[in-house]
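Student: Next comes the structure file run25.pdb, holding PDB, C-alpha atoms.
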```pdb
MODEL        1
ATOM      1  CA  MET A   1     109.447  30.820  89.643  1.00  0.00           C
ATOM      2  CA  ALA A   2     108.975  34.385  88.363  1.00  0.00           C
ATOM      3  CA  SER A   3     107.161  33.115  85.277  1.00  0.00           C
ATOM      4  CA  LEU A   4     104.487  31.503  87.483  1.00  0.00           C
ATOM      5  CA  PHE A   5     103.648  34.837  89.121  1.00  0.00           C
ATOM      6  CA  THR A   6     103.856  37.066  86.028  1.00  0.00           C
ATOM      7  CA  PRO A   7     100.423  36.129  84.595  1.00  0.00           C
ATOM      8  CA  TYR A   8      98.889  36.787  88.009  1.00  0.00           C
ATOM      9  CA  PHE A   9     100.610  40.135  88.704  1.00  0.00           C
ATOM     10  CA  LEU A  10     100.216  41.658  85.245  1.00  0.00           C
ATOM     11  CA  PRO A  11      96.440  42.216  85.565  1.00  0.00           C
ATOM     12  CA  LEU A  12      96.955  43.642  89.088  1.00  0.00           C
ATOM     13  CA  VAL A  13      99.556  46.085  87.800  1.00  0.00           C
ATOM     14  CA  LEU A  14      97.233  47.162  84.983  1.00  0.00           C
ATOM     15  CA  VAL A  15      94.339  47.663  87.409  1.00  0.00           C
ATOM     16  CA  ALA A  16      96.585  49.688  89.729  1.00  0.00           C
ATOM     17  CA  ASN A  17      97.768  51.873  86.851  1.00  0.00           C
ATOM     18  CA  ILE A  18      94.198  52.485  85.679  1.00  0.00           C
ATOM     19  CA  PHE A  19      93.139  53.366  89.240  1.00  0.00           C
ATOM     20  CA  ASN A  20      96.046  55.807  89.625  1.00  0.00           C
ATOM     21  CA  PHE A  21      95.232  57.410  86.270  1.00  0.00           C
ATOM     22  CA  GLN A  22      91.538  57.805  87.183  1.00  0.00           C
ATOM     23  CA  THR A  23      92.436  59.165  90.622  1.00  0.00           C
ATOM     24  CA  SER A  24      94.777  61.749  89.117  1.00  0.00           C
ATOM     25  CA  LEU A  25      92.059  62.761  86.636  1.00  0.00           C
ATOM     26  CA  CYS A  26      89.662  63.257  89.557  1.00  0.00           C
ATOM     27  CA  ASP A  27      92.266  65.395  91.351  1.00  0.00           C
ATOM     28  CA  ILE A  28      92.781  67.553  88.268  1.00  0.00           C
ATOM     29  CA  THR A  29      89.015  67.903  87.850  1.00  0.00           C
ATOM     30  CA  ALA A  30      88.664  68.969  91.494  1.00  0.00           C
ATOM     31  CA  ASP A  31      91.595  71.379  91.082  1.00  0.00           C
ATOM     32  CA  GLU A  32      90.032  72.936  87.996  1.00  0.00           C
ATOM     33  CA  ALA A  33      86.674  73.220  89.788  1.00  0.00           C
ATOM     34  CA  LEU A  34      88.390  75.017  92.690  1.00  0.00           C
ATOM     35  CA  ILE A  35      89.987  77.689  90.507  1.00  0.00           C
ATOM     36  CA  ALA A  36      86.951  77.923  88.199  1.00  0.00           C
ATOM     37  CA  GLY A  37      84.808  78.692  91.251  1.00  0.00           C
ATOM     38  CA  ILE A  38      87.162  81.491  92.214  1.00  0.00           C
ATOM     39  CA  CYS A  39      87.487  82.836  88.679  1.00  0.00           C
ATOM     40  CA  ARG A  40      83.725  83.037  88.125  1.00  0.00           C
ATOM     41  CA  GLN A  41      83.677  85.802  90.752  1.00  0.00           C
ATOM     42  CA  VAL A  42      86.144  88.238  89.163  1.00  0.00           C
ATOM     43  CA  GLN A  43      85.852  90.790  86.335  1.00  0.00           C
ATOM     44  CA  ASP A  44      88.077  88.849  83.910  1.00  0.00           C
ATOM     45  CA  PRO A  45      87.682  85.063  84.382  1.00  0.00           C
ATOM     46  CA  PRO A  46      90.097  84.116  81.536  1.00  0.00           C
ATOM     47  CA  PHE A  47      92.840  86.264  83.129  1.00  0.00           C
ATOM     48  CA  CYS A  48      92.172  84.563  86.469  1.00  0.00           C
ATOM     49  CA  LEU A  49      92.275  81.032  85.025  1.00  0.00           C
ATOM     50  CA  THR A  50      95.440  81.729  83.043  1.00  0.00           C
ATOM     51  CA  THR A  51      97.123  83.261  86.080  1.00  0.00           C
ATOM     52  CA  PHE A  52      96.345  80.302  88.336  1.00  0.00           C
ATOM     53  CA  ARG A  53      97.372  77.745  85.712  1.00  0.00           C
ATOM     54  CA  GLN A  54     100.724  79.496  85.245  1.00  0.00           C
ATOM     55  CA  ILE A  55     101.609  79.784  88.937  1.00  0.00           C
ATOM     56  CA  LEU A  56     100.128  76.664  90.548  1.00  0.00           C
ATOM     57  CA  ALA A  57     101.130  73.013  90.549  1.00  0.00           C
ATOM     58  CA  HIS A  58      98.681  70.175  91.271  1.00  0.00           C
ATOM     59  CA  PRO A  59      97.160  69.406  93.675  1.00  0.00           C
ATOM     60  CA  TYR A  60      95.493  72.745  94.376  1.00  0.00           C
ATOM     61  CA  VAL A  61      94.677  73.298  98.026  1.00  0.00           C
ATOM     62  CA  PRO A  62      93.124  76.502  99.356  1.00  0.00           C
ATOM     63  CA  GLU A  63      96.229  77.515 101.335  1.00  0.00           C
ATOM     64  CA  GLU A  64      98.477  77.141  98.281  1.00  0.00           C
ATOM     65  CA  VAL A  65      95.993  78.865  95.984  1.00  0.00           C
ATOM     66  CA  THR A  66      95.801  81.741  98.482  1.00  0.00           C
ATOM     67  CA  ARG A  67      99.582  81.944  98.792  1.00  0.00           C
ATOM     68  CA  ALA A  68      99.994  82.002  95.015  1.00  0.00           C
ATOM     69  CA  ALA A  69      97.263  84.629  94.549  1.00  0.00           C
ATOM     70  CA  ILE A  70      98.797  86.869  97.226  1.00  0.00           C
ATOM     71  CA  ALA A  71     102.275  86.472  95.727  1.00  0.00           C
ATOM     72  CA  GLN A  72     100.992  87.314  92.240  1.00  0.00           C
ATOM     73  CA  SER A  73      98.998  90.256  93.586  1.00  0.00           C
ATOM     74  CA  LEU A  74     102.070  91.539  95.427  1.00  0.00           C
ATOM     75  CA  GLN A  75     104.267  91.222  92.350  1.00  0.00           C
ATOM     76  CA  ASN A  76     101.661  93.021  90.246  1.00  0.00           C
ATOM     77  CA  ALA A  77     101.243  95.751  92.897  1.00  0.00           C
ATOM     78  CA  ASN A  78     105.006  96.357  92.927  1.00  0.00           C
ATOM     79  CA  ASN A  79     105.043  96.627  89.111  1.00  0.00           C
ATOM     80  CA  ASN A  80     102.046  98.962  89.166  1.00  0.00           C
ATOM     81  CA  HIS A  81     103.613 101.069  91.907  1.00  0.00           C
ATOM     82  CA  ALA A  82     106.753 101.535  89.795  1.00  0.00           C
ATOM     83  CA  PHE A  83     104.546 102.479  86.818  1.00  0.00           C
ATOM     84  CA  ILE A  84     102.653 105.011  88.955  1.00  0.00           C
ATOM     85  CA  VAL A  85     105.857 106.592  90.298  1.00  0.00           C
ATOM     86  CA  ALA A  86     107.158 106.945  86.732  1.00  0.00           C
ATOM     87  CA  ALA A  87     103.839 108.392  85.511  1.00  0.00           C
ATOM     88  CA  LYS A  88     103.817 110.870  88.400  1.00  0.00           C
ATOM     89  CA  ALA A  89     107.348 111.997  87.523  1.00  0.00           C
ATOM     90  CA  ALA A  90     106.448 112.322  83.827  1.00  0.00           C
ATOM     91  CA  ALA A  91     103.197 114.229  84.425  1.00  0.00           C
ATOM     92  CA  LYS A  92     103.352 117.695  82.916  1.00  0.00           C
ATOM     93  CA  ASP A  93     100.870 119.403  85.238  1.00  0.00           C
ATOM     94  CA  LYS A  94     100.540 119.647  89.020  1.00  0.00           C
ATOM     95  CA  GLU A  95      96.989 118.263  89.071  1.00  0.00           C
ATOM     96  CA  THR A  96      98.001 115.018  87.330  1.00  0.00           C
ATOM     97  CA  GLN A  97     101.054 114.714  89.607  1.00  0.00           C
ATOM     98  CA  ASP A  98      98.789 115.078  92.651  1.00  0.00           C
ATOM     99  CA  LEU A  99      96.379 112.446  91.326  1.00  0.00           C
ATOM    100  CA  TYR A 100      99.223 109.997  90.754  1.00  0.00           C
ATOM    101  CA  ALA A 101     100.508 110.853  94.250  1.00  0.00           C
ATOM    102  CA  ILE A 102      97.225 109.493  95.646  1.00  0.00           C
ATOM    103  CA  CYS A 103      97.812 106.269  93.717  1.00  0.00           C
ATOM    104  CA  ASP A 104     101.450 106.201  94.863  1.00  0.00           C
ATOM    105  CA  VAL A 105     100.409 106.279  98.520  1.00  0.00           C
ATOM    106  CA  GLY A 106      97.555 103.805  97.995  1.00  0.00           C
ATOM    107  CA  TYR A 107      99.683 101.244  96.176  1.00  0.00           C
ATOM    108  CA  GLY A 108     102.452 101.673  98.745  1.00  0.00           C
ATOM    109  CA  LEU A 109      99.981 100.848 101.512  1.00  0.00           C
ATOM    110  CA  MET A 110      98.525  97.953  99.535  1.00  0.00           C
ATOM    111  CA  ILE A 111     102.005  96.460  99.115  1.00  0.00           C
ATOM    112  CA  THR A 112     102.468  96.623 102.885  1.00  0.00           C
ATOM    113  CA  PHE A 113      99.114  94.918 103.508  1.00  0.00           C
ATOM    114  CA  LEU A 114      99.868  92.213 100.926  1.00  0.00           C
ATOM    115  CA  GLN A 115     103.260  91.564 102.568  1.00  0.00           C
ATOM    116  CA  ASP A 116     101.512  91.338 105.932  1.00  0.00           C
ATOM    117  CA  ALA A 117      98.905  88.996 104.420  1.00  0.00           C
ATOM    118  CA  ALA A 118     101.633  86.684 103.105  1.00  0.00           C
ATOM    119  CA  GLN A 119     103.191  86.576 106.574  1.00  0.00           C
ATOM    120  CA  SER A 120      99.815  86.028 108.234  1.00  0.00           C
ATOM    121  CA  LEU A 121      99.144  83.089 105.921  1.00  0.00           C
ATOM    122  CA  ALA A 122     102.548  81.590 106.696  1.00  0.00           C
ATOM    123  CA  ASN A 123     101.789  81.955 110.423  1.00  0.00           C
ATOM    124  CA  LYS A 124      98.264  80.558 109.953  1.00  0.00           C
ATOM    125  CA  SER A 125      96.916  83.764 111.480  1.00  0.00           C
ATOM    126  CA  TYR A 126      93.696  83.702 109.511  1.00  0.00           C
ATOM    127  CA  VAL A 127      91.968  86.628 111.228  1.00  0.00           C
ATOM    128  CA  ALA A 128      94.935  88.898 110.430  1.00  0.00           C
ATOM    129  CA  LEU A 129      95.065  87.470 106.890  1.00  0.00           C
ATOM    130  CA  GLU A 130      91.412  88.256 106.268  1.00  0.00           C
ATOM    131  CA  ASN A 131      91.839  91.723 107.778  1.00  0.00           C
ATOM    132  CA  ASP A 132      94.891  92.517 105.624  1.00  0.00           C
ATOM    133  CA  LEU A 133      93.255  91.331 102.399  1.00  0.00           C
ATOM    134  CA  SER A 134      89.984  93.148 103.099  1.00  0.00           C
ATOM    135  CA  LYS A 135      91.739  96.528 102.836  1.00  0.00           C
ATOM    136  CA  CYS A 136      93.354  95.978  99.423  1.00  0.00           C
ATOM    137  CA  PRO A 137      90.456  96.415  96.956  1.00  0.00           C
ATOM    138  CA  ARG A 138      89.851  99.915  98.283  1.00  0.00           C
ATOM    139  CA  PHE A 139      93.374 101.058  97.380  1.00  0.00           C
ATOM    140  CA  VAL A 140      92.813  99.987  93.775  1.00  0.00           C
ATOM    141  CA  SER A 141      89.415 101.697  93.525  1.00  0.00           C
ATOM    142  CA  ASP A 142      90.670 104.842  95.272  1.00  0.00           C
ATOM    143  CA  CYS A 143      93.405 105.139  92.642  1.00  0.00           C
ATOM    144  CA  GLN A 144      90.943 104.587  89.789  1.00  0.00           C
ATOM    145  CA  ASN A 145      88.535 107.142  91.268  1.00  0.00           C
ATOM    146  CA  ALA A 146      91.305 109.686  91.865  1.00  0.00           C
ATOM    147  CA  LEU A 147      92.595 109.488  88.307  1.00  0.00           C
ATOM    148  CA  GLY A 148      89.106 109.580  86.812  1.00  0.00           C
ATOM    149  CA  SER A 149      89.273 111.060  83.316  1.00  0.00           C
ATOM    150  CA  LYS A 150      93.045 111.571  83.624  1.00  0.00           C
ATOM    151  CA  THR A 151      93.663 107.831  83.569  1.00  0.00           C
ATOM    152  CA  THR A 152      95.197 106.008  80.620  1.00  0.00           C
ATOM    153  CA  PRO A 153      94.110 102.755  78.948  1.00  0.00           C
ATOM    154  CA  GLU A 154      97.240 101.101  80.342  1.00  0.00           C
ATOM    155  CA  MET A 155      96.449 102.237  83.877  1.00  0.00           C
ATOM    156  CA  LEU A 156      92.861 101.023  83.515  1.00  0.00           C
ATOM    157  CA  ASP A 157      94.136  97.597  82.441  1.00  0.00           C
ATOM    158  CA  ARG A 158      96.649  97.514  85.290  1.00  0.00           C
ATOM    159  CA  SER A 159      93.952  98.469  87.801  1.00  0.00           C
ATOM    160  CA  ARG A 160      91.525  95.840  86.483  1.00  0.00           C
ATOM    161  CA  LYS A 161      94.139  93.103  86.779  1.00  0.00           C
ATOM    162  CA  GLN A 162      95.221  94.284  90.229  1.00  0.00           C
ATOM    163  CA  PHE A 163      91.627  94.341  91.425  1.00  0.00           C
ATOM    164  CA  ASP A 164      91.050  90.807  90.127  1.00  0.00           C
ATOM    165  CA  LEU A 165      94.241  89.527  91.777  1.00  0.00           C
ATOM    166  CA  VAL A 166      93.217  90.989  95.128  1.00  0.00           C
ATOM    167  CA  ILE A 167      89.717  89.519  94.808  1.00  0.00           C
ATOM    168  CA  MET A 168      91.233  86.138  93.846  1.00  0.00           C
ATOM    169  CA  SER A 169      93.301  86.283  97.056  1.00  0.00           C
ATOM    170  CA  GLN A 170      90.261  87.117  99.156  1.00  0.00           C
ATOM    171  CA  ILE A 171      88.081  84.379  97.659  1.00  0.00           C
ATOM    172  CA  ALA A 172      90.844  81.777  98.014  1.00  0.00           C
ATOM    173  CA  GLU A 173      91.393  82.840 101.637  1.00  0.00           C
ATOM    174  CA  GLY A 174      87.708  82.268 102.299  1.00  0.00           C
ATOM    175  CA  LEU A 175      88.102  78.622 101.210  1.00  0.00           C
ATOM    176  CA  ILE A 176      90.733  77.815 103.834  1.00  0.00           C
ATOM    177  CA  LYS A 177      89.379  75.553 106.568  1.00  0.00           C
ATOM    178  CA  LYS A 178      90.110  77.364 109.805  1.00  0.00           C
TER     179      LYS A 178
ENDMDL
END
```
Show me, as structure tokens, the structure contained in the file I just sent.
Tutor:
Amino acid sequence: MASLFTPYFLPLVLVANIFNFQTSLCDITADEALIAGICRQVQDPPFCLTTFRQILAHPYVPEEVTRAAIAQSLQNANNNHAFIVAAKAAAKDKETQDLYAICDVGYGLMITFLQDAAQSLANKSYVALENDLSKCPRFVSDCQNALGSKTTPEMLDRSRKQFDLVIMSQIAEGLIKK
């Protein structure tokens, strides 16, 4: 009996497999278009694309992309804050210590706002989420401006990446259907 149905079902199984393959290719294409659209708007698009590809799993949806961007931004902010605290302690003159103190406070506040943003996203409190994220770019630029000529190439790189991560979070948040 099974041999009578096999010739009939085989083409149906092949068609179903081809359909599933094409559908998954469309999903991946849409996913890549989503993150490419975000990454076109930052200072370092390759950094953005690499970051998203390392931390996201398909399918990409705006809420998950936002959550991942906030989490990565928070992790980076914590690392940068530790770097700033160490640089402040190692600074040989009072002026440089004071400049790093500005960054210390700014990054500390940014960490708080990013933690609040993560909680707001989890609670689907989109107004609070947008409000929390809107404050973060300023902390990065305030630190860069404070350090000015006293900055280091490493701190410039850290600031650039932090700024991009915050912008990635903001752009992704803007894609969430509310």
Student: Taking the file as shown, what set of residues would the PyMOL selection byres ((chain A and resi 39) around 12) give back, as a PDB file with C-alpha atoms, in the coordinates of the input?
Tutor:
```pdb
ATOM      1  CA  GLU A  32      90.032  72.936  87.996  1.00  0.00           C
ATOM      2  CA  ALA A  33      86.674  73.220  89.788  1.00  0.00           C
ATOM      3  CA  LEU A  34      88.390  75.017  92.690  1.00  0.00           C
ATOM      4  CA  ILE A  35      89.987  77.689  90.507  1.00  0.00           C
ATOM      5  CA  ALA A  36      86.951  77.923  88.199  1.00  0.00           C
ATOM      6  CA  GLY A  37      84.808  78.692  91.251  1.00  0.00           C
ATOM      7  CA  ILE A  38      87.162  81.491  92.214  1.00  0.00           C
ATOM      8  CA  ARG A  40      83.725  83.037  88.125  1.00  0.00           C
ATOM      9  CA  GLN A  41      83.677  85.802  90.752  1.00  0.00           C
ATOM     10  CA  VAL A  42      86.144  88.238  89.163  1.00  0.00           C
ATOM     11  CA  GLN A  43      85.852  90.790  86.335  1.00  0.00           C
ATOM     12  CA  ASP A  44      88.077  88.849  83.910  1.00  0.00           C
ATOM     13  CA  PRO A  45      87.682  85.063  84.382  1.00  0.00           C
ATOM     14  CA  PRO A  46      90.097  84.116  81.536  1.00  0.00           C
ATOM     15  CA  PHE A  47      92.840  86.264  83.129  1.00  0.00           C
ATOM     16  CA  CYS A  48      92.172  84.563  86.469  1.00  0.00           C
ATOM     17  CA  LEU A  49      92.275  81.032  85.025  1.00  0.00           C
ATOM     18  CA  THR A  50      95.440  81.729  83.043  1.00  0.00           C
ATOM     19  CA  THR A  51      97.123  83.261  86.080  1.00  0.00           C
ATOM     20  CA  PHE A  52      96.345  80.302  88.336  1.00  0.00           C
ATOM     21  CA  ARG A  53      97.372  77.745  85.712  1.00  0.00           C
ATOM     22  CA  VAL A  65      95.993  78.865  95.984  1.00  0.00           C
ATOM     23  CA  ALA A  69      97.263  84.629  94.549  1.00  0.00           C
ATOM     24  CA  ASP A 164      91.050  90.807  90.127  1.00  0.00           C
ATOM     25  CA  LEU A 165      94.241  89.527  91.777  1.00  0.00           C
ATOM     26  CA  VAL A 166      93.217  90.989  95.128  1.00  0.00           C
ATOM     27  CA  ILE A 167      89.717  89.519  94.808  1.00  0.00           C
ATOM     28  CA  MET A 168      91.233  86.138  93.846  1.00  0.00           C
ATOM     29  CA  SER A 169      93.301  86.283  97.056  1.00  0.00           C
ATOM     30  CA  GLN A 170      90.261  87.117  99.156  1.00  0.00           C
ATOM     31  CA  ILE A 171      88.081  84.379  97.659  1.00  0.00           C
ATOM     32  CA  ALA A 172      90.844  81.777  98.014  1.00  0.00           C
TER      33      ALA A 172
END
```
Student: Could you list the residues chosen by the PyMOL selection byres ((chain A and resi 117) around 8) in this structure as an MDAnalysis selection string?
Tutor: chainID A and resid 70 113:116 118:121 128:130 132:133
Student: Could you check how far atom CA of A:Asn80 sits from atom CA of A:Arg138, in Å to one decimal?
Tutor: 15.3 Å
Student: I'd like the interatomic distance between atom CA of A:Arg67 and atom CA of A:Gly174, to a tenth of an Å.
Tutor: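 These atoms are spaced 12.4 Å apart.
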Student: Have a look at atom CA of A:Glu64 and atom CA of A:Thr29 and let me know their distance in Å, one decimal.
Tutor: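 Atom-to-atom, atom CA of A:Glu64 to atom CA of A:Thr29, that is 16.8 Å.
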